[in-house]
Each structure stands twice: as C-alpha cells, then as structure tokens.
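What's in start21.cif: mmCIF, C-alpha atoms
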```cif
data_target
#
loop_
_atom_site.label_atom_id
_atom_site.label_comp_id
_atom_site.auth_asym_id
_atom_site.auth_seq_id
_atom_site.Cartn_x
_atom_site.Cartn_y
_atom_site.Cartn_z
CA MET A 52 -48.57 6.93 141.06
CA VAL A 53 -50.10 10.37 141.14
CA ASP A 54 -52.62 11.23 138.46
CA TRP A 55 -51.49 14.69 137.41
CA ILE A 56 -52.86 14.84 133.90
CA ASN A 57 -56.03 16.88 133.82
CA ILE A 58 -55.39 19.15 130.90
CA ASN A 59 -58.27 21.57 131.48
CA ASN A 60 -57.28 22.24 135.09
CA TRP A 61 -53.64 22.68 134.13
CA LEU A 62 -54.64 25.10 131.36
CA ILE A 63 -56.61 27.13 133.91
CA PHE A 64 -53.60 27.08 136.22
CA PHE A 65 -51.24 28.30 133.50
CA LYS A 66 -53.68 30.96 132.34
CA GLN A 67 -54.07 32.35 135.86
CA ARG A 68 -50.67 31.77 137.43
CA VAL A 69 -48.11 31.32 134.62
CA PRO A 70 -48.99 33.59 131.70
CA LEU A 71 -46.76 32.02 129.06
CA LEU A 72 -46.35 35.19 127.00
CA VAL A 73 -45.02 37.10 130.01
CA TYR A 74 -42.81 34.21 131.13
CA SER A 75 -41.54 33.75 127.56
CA LEU A 76 -40.64 37.42 127.18
CA LEU A 77 -38.92 37.39 130.57
CA SER A 78 -36.94 34.26 129.68
CA ALA A 79 -36.02 35.56 126.21
CA GLY A 80 -34.77 38.83 127.66
CA PHE A 81 -32.57 37.09 130.21
CA VAL A 82 -31.20 34.69 127.59
CA LEU A 83 -30.40 37.42 125.06
CA SER A 84 -28.72 39.62 127.65
CA GLY A 85 -26.80 36.63 128.99
CA LEU A 86 -25.61 35.62 125.52
CA ALA A 87 -24.45 39.17 124.86
CA THR A 88 -22.72 39.42 128.23
CA VAL A 89 -20.66 36.28 127.86
CA SER A 90 -20.06 36.77 124.13
CA LEU A 91 -21.63 33.49 123.05
CA PRO A 92 -22.91 33.42 119.50
CA VAL A 93 -26.57 34.37 119.33
CA ASN A 94 -27.89 31.56 117.19
CA LEU A 95 -31.10 29.61 117.23
CA ASN A 96 -29.53 26.56 118.94
CA ASN A 97 -28.02 28.50 121.83
CA PHE A 98 -31.08 30.68 122.22
CA GLY A 99 -33.54 27.78 122.05
CA ILE A 100 -31.76 25.54 124.53
CA LEU A 101 -31.17 28.34 127.02
CA PHE A 102 -34.68 29.73 126.59
CA ILE A 103 -36.24 26.35 127.42
CA GLY A 104 -33.98 25.95 130.44
CA LEU A 105 -34.80 29.36 131.84
CA LEU A 106 -38.51 29.04 131.12
CA LEU A 107 -38.52 25.73 133.01
CA PHE A 108 -36.73 27.44 135.90
CA PHE A 109 -39.39 30.16 136.15
CA VAL A 110 -42.30 27.69 135.81
CA GLU A 111 -40.75 25.45 138.46
CA LEU A 112 -40.31 28.44 140.76
CA ARG A 113 -43.99 29.38 140.34
CA LEU A 114 -45.14 25.80 141.03
CA MET A 115 -43.01 25.61 144.16
CA ASP A 116 -44.39 28.92 145.37
CA GLU A 117 -47.97 27.76 144.80
CA VAL A 118 -47.45 24.67 146.97
CA LYS A 119 -45.60 26.54 149.71
CA ASP A 120 -48.22 29.32 149.90
CA LEU A 121 -51.30 27.08 149.78
CA GLU A 122 -52.36 27.64 153.40
CA LYS A 123 -52.12 31.42 153.00
CA ASP A 124 -53.88 31.32 149.63
CA ILE A 125 -56.81 29.35 151.03
CA VAL A 126 -57.54 32.38 153.21
CA ALA A 127 -56.21 35.30 151.15
CA ASN A 128 -56.66 34.10 147.55
CA PRO A 129 -59.34 31.40 147.45
CA ASP A 130 -59.91 31.98 143.72
CA ARG A 131 -56.52 30.50 142.75
CA PRO A 132 -56.37 26.97 141.28
CA LEU A 133 -54.95 25.12 144.30
CA PRO A 134 -57.33 26.60 146.90
CA GLN A 135 -60.20 25.86 144.47
CA LYS A 136 -58.92 22.25 144.36
CA LEU A 137 -58.60 22.28 140.58
CA LEU A 138 -55.20 20.75 141.24
CA THR A 139 -54.08 18.93 144.34
CA PRO A 140 -50.79 19.64 146.09
CA ASP A 141 -49.69 16.08 145.25
CA GLN A 142 -50.31 16.67 141.55
CA VAL A 143 -48.27 19.86 141.61
CA LYS A 144 -45.50 18.21 143.67
CA SER A 145 -45.31 15.41 141.12
CA VAL A 146 -44.83 17.94 138.32
CA ILE A 147 -42.25 19.81 140.41
CA LEU A 148 -40.26 16.62 140.88
CA ASN A 149 -40.39 15.72 137.19
CA LEU A 150 -39.47 19.23 136.06
CA HIS A 151 -36.57 19.20 138.50
CA ARG A 152 -35.33 15.94 137.02
CA LEU A 153 -35.65 17.43 133.54
CA MET A 154 -33.62 20.44 134.65
CA TYR A 155 -30.80 18.14 135.78
CA ILE A 156 -30.88 16.48 132.36
CA LEU A 157 -30.63 19.94 130.80
CA VAL A 158 -27.43 20.48 132.76
CA LEU A 159 -25.84 17.85 130.52
CA VAL A 160 -27.42 19.33 127.40
CA PHE A 161 -26.03 22.75 128.28
CA ALA A 162 -22.61 21.33 129.04
CA PHE A 163 -22.38 19.50 125.71
CA TYR A 164 -24.22 21.83 123.35
CA VAL A 165 -23.48 25.29 124.75
CA ASN A 166 -20.41 24.99 126.96
CA LEU A 167 -19.24 23.42 130.20
CA GLN A 168 -19.52 26.67 132.14
CA THR A 169 -23.18 27.09 131.18
CA GLY A 170 -23.89 23.52 132.26
CA PHE A 171 -22.17 24.12 135.58
CA TRP A 172 -24.12 27.30 136.33
CA TYR A 173 -27.41 25.70 135.35
CA TRP A 174 -26.57 22.89 137.77
CA VAL A 175 -25.93 25.52 140.48
CA ILE A 176 -29.27 27.27 139.97
CA THR A 177 -31.12 23.94 139.76
CA PHE A 178 -29.50 22.73 142.98
CA TYR A 179 -30.20 26.08 144.68
CA LEU A 180 -33.83 25.97 143.51
CA GLY A 181 -34.19 22.56 145.14
CA LEU A 182 -32.69 23.88 148.38
CA MET A 183 -35.06 26.86 148.30
CA TYR A 184 -38.03 24.51 147.91
CA LYS A 185 -36.89 22.49 150.91
CA GLU A 186 -36.18 25.77 152.75
CA PHE A 187 -32.55 24.71 153.03
CA TYR A 188 -33.70 21.94 155.37
CA ILE A 189 -34.00 24.49 158.17
CA GLY A 190 -37.54 25.77 157.56
CA GLU A 191 -38.42 26.09 161.22
CA VAL A 192 -35.33 28.21 161.88
CA LEU A 193 -36.11 30.44 158.90
CA GLU A 194 -39.64 31.13 160.17
#
```

I need this file expressed as structure tokens, please.
Amino acid sequence: MVDWININNWLIFFKQRVPLLVYSLLSAGFVLSGLATVSLPVNLNNFGILFIGLLLFFVELRLMDEVKDLEKDIVANPDRPLPQKLLTPDQVKSVILNLHRLMYILVLVFAFYVNLQTGFWYWVITFYLGLMYKEFYIGEVLE
C-alpha cells in the first residue's frame, strides 16, 4: 500500500499546481453554461453534483500531467513539488487511480440524480481521460 497522506506536501502541491479558486471558477463556469445549454434546471443539487464532477476531472488531469511531465520538469522546472520530491510519483499515481475510481462512481450518481445522458457523457470523458493518461496504449507511436 502506498503512503500518500502527507497533508503539508499535498497542500503545497495544490497551492502551486492546482489553485482551487481558479479551478473552482473554471468548473463553475462550465457547469453553468452547460446547464443553460441543455436546459436543465439550475438548482443547487444539479450544480453541486456537476461542479464536483468537473472539478475532479480538472484535478485528475493536472495530476496526470504532473506525472507524465516529471522528467522534463526535473530539468526545466525543478521548483515544482514532484521534482523537489515533496510527493513521489507513486503517491500521485495512487491518488490518480482513486480519483478515477471515484469518477466512475460519479457516472452512476449523474445518471440517477441528473439524467442518464449526463451520466453517459461523464462516463465518456472519464474513459477518454484514462486513455489519454495511458497515451491510448500507443505512446511510442505518438512520440
């Protein structure tokens, strides 16, 4: 089992790499525009559930990017948390895996509490995010 709970190092990571105010505003904007576009009622339940789902998506994307760019960051950005070894790649990968599992659980929440279409599309972006992380299983070809 990977020890990934070191609150101070994670707080440093989030402060530097995932500014929650910026990510929250970004997520809220996408959710509100999406609700307006598909004519879903803008209520606290819909907004809250979708906001959490989208915020998790953006945090997961940032974590994946940090792991994938570690070798470059060691040279180009040594002041970032992973090159400084505040967090290990295994710790971040463990969080990525658990967040990804949580996102698949949210697919069901969306399907039951918002609508089936929302659940389906959240499944699509979650699945696609996983493929992106694995570089579609053809990483060498993509390079």

Dump as a PyMOL selection string all residues having an atom at most 9 Å from (-59.5, 25.1, 139.5), computed in the file's coordinates with all atoms listed in the file.
chain A and resi 59-61+63-64+130-138

Test item: the PyMOL selection byres ((chain A and resi 97) around 12) resolved as a list of chain:residue names
A:Ala79, A:Val82, A:Leu83, A:Gly85, A:Leu86, A:Ala87, A:Ser90, A:Leu91, A:Pro92, A:Val93, A:Asn94, A:Leu95, A:Asn96, A:Phe98, A:Gly99, A:Ile100, A:Leu101, A:Phe102, A:Ile103, A:Gly104, A:Val160, A:Phe161, A:Ala162, A:Phe163, A:Tyr164, A:Val165, A:Asn166, A:Thr169

Rounded to one decimal place, report the atom CA of Tyr173 of chain A-atom CA of Val158 of chain A distance in Å.
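Atom CA of Tyr173 of chain A sits 5.8 Å away from atom CA of Val158 of chain A.
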
Do you know which residues the PyMOL selection byres ((chain A and resi 107-119) around 7) returns on this file, as number ranges by chain?
A: 69, 103-106, 120-121, 140, 143, 147, 150, 184

State, in Å with one decimal place, the distance from atom CA of Ser145 of chain A to atom CA of Leu167 of chain A.
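Calculated distance between atom CA of Ser145 of chain A and atom CA of Leu167 of chain A is 29.4 Å.
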
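From atom CA of Thr177 of chain A back to atom CA of Leu153 of chain A, the distance works out to 10.1 Å.
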
His151 of chain A proximity check over A:Ile125, A:Leu180, A:Leu193, A:Val89, using only C-alpha atoms: winner is A:Leu180

For Ile176 of chain A, the nearest of the candidates A:Glu122, A:Val146, A:Tyr155, A:Tyr74, counting only C-alpha atoms
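Under the stated criterion, the closest residue is A:Tyr155.
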